[in-house]
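Notes for the one structure printed next.
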Amino acid sequence: MFPIIRSGYWYLSSKTDPRWNCSGTASSLCFSAGMPPEAQKALEEKKKELGDPPADLEWGGMKD
């Protein structure tokens, strides 16, 4: 069975450091393929701004 790829919403979340919390839309969201490019870009920007991510940073999303 092929994974279903749809647009949707992604988020980055940390309980210990809320400066890392952000969200956005993704043109294609397939959880088996990993983090969508839009979320990866946001993560890289946060790393440049804040340094290493906190240990509890997680990402997730919801398909439209």
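Identifiers for the structure tokens are assigned positionally: chains receive A, B, ... in sequence, residues are indexed from 1 per chain, and ligands are indexed from 1 in the order shown.
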Can you tell me which residues surround A:Cys22 at a distance of at most 9 Å, considering only C-alpha atoms, apart from same-chain residues fewer than 4 positions away, and format the answer as a list in words? Trp10, Tyr11, Leu12, Ser13, Pro18, Ala39 and Ala42 of chain A
Report as a list of chain:residue names: the residues of chain A with a DSSP assignment of strand (DSSP E), based on the backbone of this structure.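 DSSP on the backbone gives strand (DSSP E) at A:Arg6, A:Ser7, A:Gly8, A:Tyr9, A:Trp10, A:Tyr11, A:Leu12, A:Ser13, A:Cys22, A:Ser23, A:Gly24, A:Thr25, A:Ala26, A:Ser27, A:Ser28, A:Leu29, A:Glu58, A:Trp59, A:Gly60, A:Gly61, A:Met62, A:Lys63.
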Atom pair atom CA of A:Gly51 + atom CA of A:Gly24, distance 20.9 Å
What separation in Å, quoted to one decimal, exists between atom CA of A:Lys63 and atom CA of A:Gln40?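 Going from atom CA of A:Lys63 over to atom CA of A:Gln40 covers 17.0 Å.
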From the DSSP assignment of the backbone, select every residue of chain A that is helix (DSSP H, G or I), and format the answer as a JSON list (two decimals) with N, CA and C atoms, in the first residue's frame.
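Dumped to part-v1.json:
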[["chain", "number", "residue", "atom", "x", "y", "z"],
["A", 18, "PRO", "N", 9.71, 27.19, 25.07],
["A", 18, "PRO", "CA", 8.66, 27.54, 24.12],
["A", 18, "PRO", "C", 9.13, 28.44, 22.97],
["A", 19, "ARG", "N", 10.36, 28.94, 23.02],
["A", 19, "ARG", "CA", 10.87, 29.73, 21.89],
["A", 19, "ARG", "C", 10.96, 28.89, 20.63],
["A", 20, "TRP", "N", 11.00, 27.57, 20.77],
["A", 20, "TRP", "CA", 11.09, 26.66, 19.63],
["A", 20, "TRP", "C", 9.72, 26.34, 19.04],
["A", 31, "PHE", "N", 3.85, 11.21, 6.78],
["A", 31, "PHE", "CA", 4.59, 10.94, 8.01],
["A", 31, "PHE", "C", 5.67, 9.88, 7.84],
["A", 32, "SER", "N", 5.45, 8.92, 6.97],
["A", 32, "SER", "CA", 6.47, 7.89, 6.77],
["A", 32, "SER", "C", 7.70, 8.44, 6.05],
["A", 33, "ALA", "N", 7.56, 9.60, 5.41],
["A", 33, "ALA", "CA", 8.69, 10.23, 4.71],
["A", 33, "ALA", "C", 9.47, 11.16, 5.62],
["A", 37, "PRO", "N", 9.49, 19.51, 4.20],
["A", 37, "PRO", "CA", 10.53, 20.51, 3.94],
["A", 37, "PRO", "C", 10.26, 21.85, 4.63],
["A", 38, "GLU", "N", 9.01, 22.25, 4.73],
["A", 38, "GLU", "CA", 8.68, 23.53, 5.37],
["A", 38, "GLU", "C", 9.04, 23.51, 6.85],
["A", 39, "ALA", "N", 8.80, 22.39, 7.51],
["A", 39, "ALA", "CA", 9.15, 22.25, 8.92],
["A", 39, "ALA", "C", 10.67, 22.15, 9.09],
["A", 40, "GLN", "N", 11.33, 21.45, 8.18],
["A", 40, "GLN", "CA", 12.79, 21.35, 8.23],
["A", 40, "GLN", "C", 13.43, 22.72, 8.08],
["A", 41, "LYS", "N", 12.90, 23.54, 7.20],
["A", 41, "LYS", "CA", 13.42, 24.90, 7.00],
["A", 41, "LYS", "C", 13.24, 25.72, 8.28],
["A", 42, "ALA", "N", 12.07, 25.62, 8.90],
["A", 42, "ALA", "CA", 11.81, 26.35, 10.15],
["A", 42, "ALA", "C", 12.77, 25.88, 11.25],
["A", 43, "LEU", "N", 13.03, 24.58, 11.31],
["A", 43, "LEU", "CA", 13.95, 24.03, 12.30],
["A", 43, "LEU", "C", 15.36, 24.59, 12.09],
["A", 44, "GLU", "N", 15.82, 24.62, 10.85],
["A", 44, "GLU", "CA", 17.15, 25.16, 10.56],
["A", 44, "GLU", "C", 17.25, 26.64, 10.93],
["A", 45, "GLU", "N", 16.19, 27.40, 10.67],
["A", 45, "GLU", "CA", 16.18, 28.82, 11.05],
["A", 45, "GLU", "C", 16.23, 28.99, 12.57],
["A", 46, "LYS", "N", 15.50, 28.15, 13.29],
["A", 46, "LYS", "CA", 15.52, 28.20, 14.76],
["A", 46, "LYS", "C", 16.90, 27.82, 15.29],
["A", 47, "LYS", "N", 17.56, 26.85, 14.66],
["A", 47, "LYS", "CA", 18.90, 26.46, 15.09],
["A", 47, "LYS", "C", 19.88, 27.61, 14.93],
["A", 48, "LYS", "N", 19.77, 28.35, 13.82],
["A", 48, "LYS", "CA", 20.64, 29.51, 13.59],
["A", 48, "LYS", "C", 20.41, 30.58, 14.65],
["A", 49, "GLU", "N", 19.15, 30.76, 15.02],
["A", 49, "GLU", "CA", 18.77, 31.79, 15.99],
["A", 49, "GLU", "C", 19.05, 31.37, 17.43],
["A", 50, "LEU", "N", 18.74, 30.11, 17.79],
["A", 50, "LEU", "CA", 18.75, 29.68, 19.18],
["A", 50, "LEU", "C", 19.83, 28.66, 19.54]]
Can you pull out the residues contacting stretch 52-54 of chain A? Cut-off 8 Å, using only C-alpha atoms, and skip same-chain residues under 6 positions away; I want them as number ranges by chain. A: 14, 16-17, 20
